[in-house]
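Asker: Got a structure here, written out as structure tokens. Questions coming.
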Amino acid sequence: MYETLTADTLRRHFGFPDDYQVDTVLASGTWDLIADTHHMPHLVRALTDLGLGDIVTGSGPEALRRLTIPQFGHAWEFIVDGRRTWFAPVMGTAVMAQYLHTACLMGARKLLLVGTVGGLSPDLNPADFIVPTVSRGTHSAWMYSRIEPIDIHPDPAFSEVLAGRLDAALPPRRTVARGPTTTCESIAAETWDDVQTWSVQGYLGVEMEAALTFAIGAYFKVPAAAVLYVADNLIAEVGFFDAGFADSAQARRRARQLQYDVALGELLRSGAEPTGC
């Protein structure tokens, strides 16, 4: 059925050029309607700090621009040294899968997820980082792995490089934790019992896309990893709607910028072979 679709079929159907390829994907787990205001400024600053301001301000074929094909209109693309990167800021597995799967069909050689987690460890605070070593998946991840339990590992070498970059750049009193996360696709349905159970089971955080990202990477034999920062501290009973959440706003903004700095620095340093524009 649809899993037999080829890159050429997708290119023809959606109107991509015949030689269109993707080399790397930076996926951001976020509500797409706030991507322009809450994430693009961090992406732009990271590119500028890497000396790629012309990618941001230019109008040529390599410049940062939103994809004009409606079915892929959440994503942006830019080209550095002949390598095309997709930036896909979407929330949850259903839509994220469309971008990651399509990118892999079109040649993507690295997948990197950035985003947030709800903290499940009492040792972690808002703006601390987690580089997952494994993520417990749900149905979307199972569709790619077809195994139970759905414990999906990222690429270990890729993850360790990212963790090292974070360790080197992290401000004082912040932590980079390595360990398991669990993917929950229905954030509003999480209960206090769920949070306590996950914490007792040793999960460091709960997120919405990591298991799927790792599963698609494994399916296509493409290195995949994630760099996530703690937003709300669930095990401390401080969620998005609690008064104490606002106290960490400045630290979380700094963490988000560092996340983009590290992610782009690694993706653009170690990207795949050049592709055509």
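Going through the structure tokens in order, the chains are called A, B, and so on, while each chain numbers its residues from 1 and the ligands are numbered from 1 in the order shown.
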DSSP says strand (DSSP E) for which residues of stretch 119-277 of chain A? Put them as an MDAnalysis selection string?

Answerer: chainID A and resid 119 129:136 151:152 176:183 205:207 224:230

Asker: I want to know what sits within 12 Å of A:Leu258, based on only C-alpha atoms, with residues of the same chain fewer than 2 positions away left out; could you give that as a PyMOL selection string?

Answerer: chain A and resi 39+42-43+45-46+49+114-115+127-129+162+165-171+174+227-229+251-256+260-265

Asker: Find the residues around A:Leu100 up to 9 Å (only C-alpha atoms counted), leave out those fewer than 4 positions away in its own chain, and share them as a PyMOL selection string.

Answerer: chain A and resi 25+27+88+96+104-105+108+111+213+216-217

Asker: Which residues in stretch 155-241 of chain A does DSSP call alpha helix (DSSP H)? List them as a ChimeraX atom specification.

Answerer: /A:156-169,192-200,210-220

Asker: Show which residues sit within 8 Å of A:Val22, as a PyMOL selection string. Count only C-alpha atoms, and ignore same-chain residues fewer than 6 positions away.

Answerer: chain A and resi 83-86+103-104+106-108+275

Asker: Contacts of A:Met208 at 10 Å or less, counting only C-alpha atoms, minus same-chain residues fewer than 4 places along, as a short mmCIF file (atom, residue, chain, number, x, y, z; two decimals) with N, CA, C and O atoms, in the first residue's frame?

Answerer:
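As a result, out_14.cif now contains:
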data_model
loop_
_atom_site.label_atom_id
_atom_site.label_comp_id
_atom_site.auth_asym_id
_atom_site.auth_seq_id
_atom_site.Cartn_x
_atom_site.Cartn_y
_atom_site.Cartn_z
N GLY A 29 9.78 19.69 17.75
CA GLY A 29 8.49 19.30 18.28
C GLY A 29 7.81 20.48 18.93
O GLY A 29 8.05 20.80 20.10
N THR A 30 6.96 21.15 18.18
CA THR A 30 6.29 22.35 18.68
C THR A 30 4.99 22.56 17.93
O THR A 30 4.80 22.06 16.82
N MET A 91 4.06 19.45 15.78
CA MET A 91 3.86 18.78 17.06
C MET A 91 3.18 17.43 16.86
O MET A 91 2.20 17.32 16.12
N GLY A 92 3.72 16.40 17.51
CA GLY A 92 3.09 15.10 17.49
C GLY A 92 3.56 14.21 16.36
O GLY A 92 4.20 14.66 15.40
N THR A 93 3.24 12.94 16.46
CA THR A 93 3.81 11.96 15.55
C THR A 93 3.15 11.92 14.18
O THR A 93 3.80 11.61 13.18
N MET A 96 4.58 14.81 12.04
CA MET A 96 6.03 14.67 11.98
C MET A 96 6.42 13.51 11.08
O MET A 96 7.40 13.59 10.33
N GLY A 115 13.36 19.96 20.94
CA GLY A 115 12.07 20.21 21.54
C GLY A 115 12.16 20.18 23.05
O GLY A 115 13.24 20.36 23.63
N THR A 116 11.03 19.91 23.68
CA THR A 116 10.96 19.94 25.14
C THR A 116 10.49 18.60 25.68
O THR A 116 9.95 17.77 24.95
N VAL A 117 10.73 18.41 26.96
CA VAL A 117 10.18 17.26 27.68
C VAL A 117 9.55 17.76 28.97
O VAL A 117 9.94 18.78 29.52
N GLY A 118 8.58 17.00 29.43
CA GLY A 118 8.09 17.19 30.78
C GLY A 118 8.99 16.40 31.72
O GLY A 118 9.18 15.20 31.54
N GLY A 137 8.02 3.86 22.77
CA GLY A 137 7.11 4.37 21.76
C GLY A 137 5.68 3.95 21.95
O GLY A 137 5.32 3.21 22.87
N THR A 138 4.85 4.44 21.04
CA THR A 138 3.44 4.07 20.99
C THR A 138 3.13 3.60 19.57
O THR A 138 4.02 3.16 18.85
N THR A 181 13.55 8.27 27.70
CA THR A 181 12.33 9.07 27.73
C THR A 181 11.17 8.20 27.25
O THR A 181 11.38 7.11 26.71
N THR A 182 9.97 8.68 27.46
CA THR A 182 8.80 7.99 26.94
C THR A 182 8.00 8.95 26.07
O THR A 182 7.86 10.13 26.40
N THR A 183 7.52 8.45 24.95
CA THR A 183 6.74 9.26 24.01
C THR A 183 5.25 9.08 24.30
O THR A 183 4.74 7.96 24.27
N CYS A 184 4.57 10.18 24.58
CA CYS A 184 3.12 10.18 24.78
C CYS A 184 2.52 11.13 23.76
O CYS A 184 2.85 12.32 23.75
N GLU A 185 1.63 10.63 22.92
CA GLU A 185 1.10 11.44 21.82
C GLU A 185 -0.13 12.25 22.21
O GLU A 185 -0.64 13.02 21.41
N SER A 186 -0.62 12.09 23.44
CA SER A 186 -1.84 12.79 23.87
C SER A 186 -1.56 13.48 25.19
O SER A 186 -1.91 12.97 26.27
N ILE A 187 -0.96 14.65 25.13
CA ILE A 187 -0.48 15.33 26.33
C ILE A 187 -1.62 15.65 27.29
O ILE A 187 -1.47 15.56 28.51
N LEU A 212 9.14 8.06 17.55
CA LEU A 212 8.86 8.03 16.11
C LEU A 212 10.09 8.42 15.32
O LEU A 212 10.43 7.78 14.32
N THR A 213 10.78 9.48 15.74
CA THR A 213 11.97 9.93 15.03
C THR A 213 13.02 8.83 14.97
O THR A 213 13.60 8.54 13.91
#

Asker: For atom CA of A:Leu267 and atom CA of A:Ala97, quote the distance in Å rounded to one decimal.

Answerer: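 Going from atom CA of A:Leu267 over to atom CA of A:Ala97 covers 19.8 Å.
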
Asker: If we count only C-alpha atoms and set the cut-off at 10 Å, which residues sit around A:Thr6, ignoring sequence neighbours fewer than 3 positions away in its own chain? Please answer as a ChimeraX atom specification.

Answerer: /A:2-3,9-11,102,105-106

Asker: Would you mind exporting the chosen residues as an mmCIF file, in the first residue's frame, restricted to N, CA, C and O atoms?

Answerer:
data_model
loop_
_atom_site.group_PDB
_atom_site.id
_atom_site.type_symbol
_atom_site.label_atom_id
_atom_site.label_comp_id
_atom_site.auth_asym_id
_atom_site.auth_seq_id
_atom_site.Cartn_x
_atom_site.Cartn_y
_atom_site.Cartn_z
ATOM 1 N N TYR A 2 0.603 2.220 0.901
ATOM 2 C CA TYR A 2 1.359 3.469 0.850
ATOM 3 C C TYR A 2 2.835 3.292 1.206
ATOM 4 O O TYR A 2 3.681 4.079 0.802
ATOM 5 N N GLU A 3 3.152 2.243 1.966
ATOM 6 C CA GLU A 3 4.549 2.060 2.344
ATOM 7 C C GLU A 3 5.417 1.679 1.147
ATOM 8 O O GLU A 3 6.632 1.678 1.239
ATOM 9 N N THR A 9 7.655 8.816 -7.193
ATOM 10 C CA THR A 9 6.194 8.979 -7.166
ATOM 11 C C THR A 9 5.804 10.219 -6.380
ATOM 12 O O THR A 9 4.938 11.001 -6.810
ATOM 13 N N LEU A 10 6.438 10.413 -5.213
ATOM 14 C CA LEU A 10 6.130 11.576 -4.396
ATOM 15 C C LEU A 10 6.528 12.867 -5.105
ATOM 16 O O LEU A 10 5.789 13.863 -5.058
ATOM 17 N N ARG A 11 7.679 12.872 -5.735
ATOM 18 C CA ARG A 11 8.113 14.076 -6.456
ATOM 19 C C ARG A 11 7.102 14.452 -7.539
ATOM 20 O O ARG A 11 6.710 15.620 -7.667
ATOM 21 N N THR A 102 9.103 11.295 4.241
ATOM 22 C CA THR A 102 9.339 11.853 2.906
ATOM 23 C C THR A 102 10.789 12.270 2.735
ATOM 24 O O THR A 102 11.412 12.002 1.699
ATOM 25 N N LEU A 105 12.919 9.228 2.163
ATOM 26 C CA LEU A 105 12.761 8.728 0.799
ATOM 27 C C LEU A 105 13.570 9.565 -0.178
ATOM 28 O O LEU A 105 14.100 9.039 -1.167
ATOM 29 N N MET A 106 13.664 10.851 0.084
ATOM 30 C CA MET A 106 14.372 11.761 -0.814
ATOM 31 C C MET A 106 15.850 11.893 -0.473
ATOM 32 O O MET A 106 16.504 12.813 -0.945
#

Asker: What separation in Å, quoted to one decimal, exists between atom CA of A:Leu204 and atom CA of A:Met143?

Answerer: 24.4 Å

Asker: Would you mind reading off the distance between atom CA of A:Phe78 and atom CA of A:Gly58, one decimal, in Å?

Answerer: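 A separation of 10.5 Å between them.
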
Asker: Find the residues near A:Ala224: any atom within 9 Å, counting only C-alpha atoms, skip ones fewer than 5 places away on the same chain, and give them as a ChimeraX atom specification.

Answerer: /A:109-113,153-156,158-159,213-218
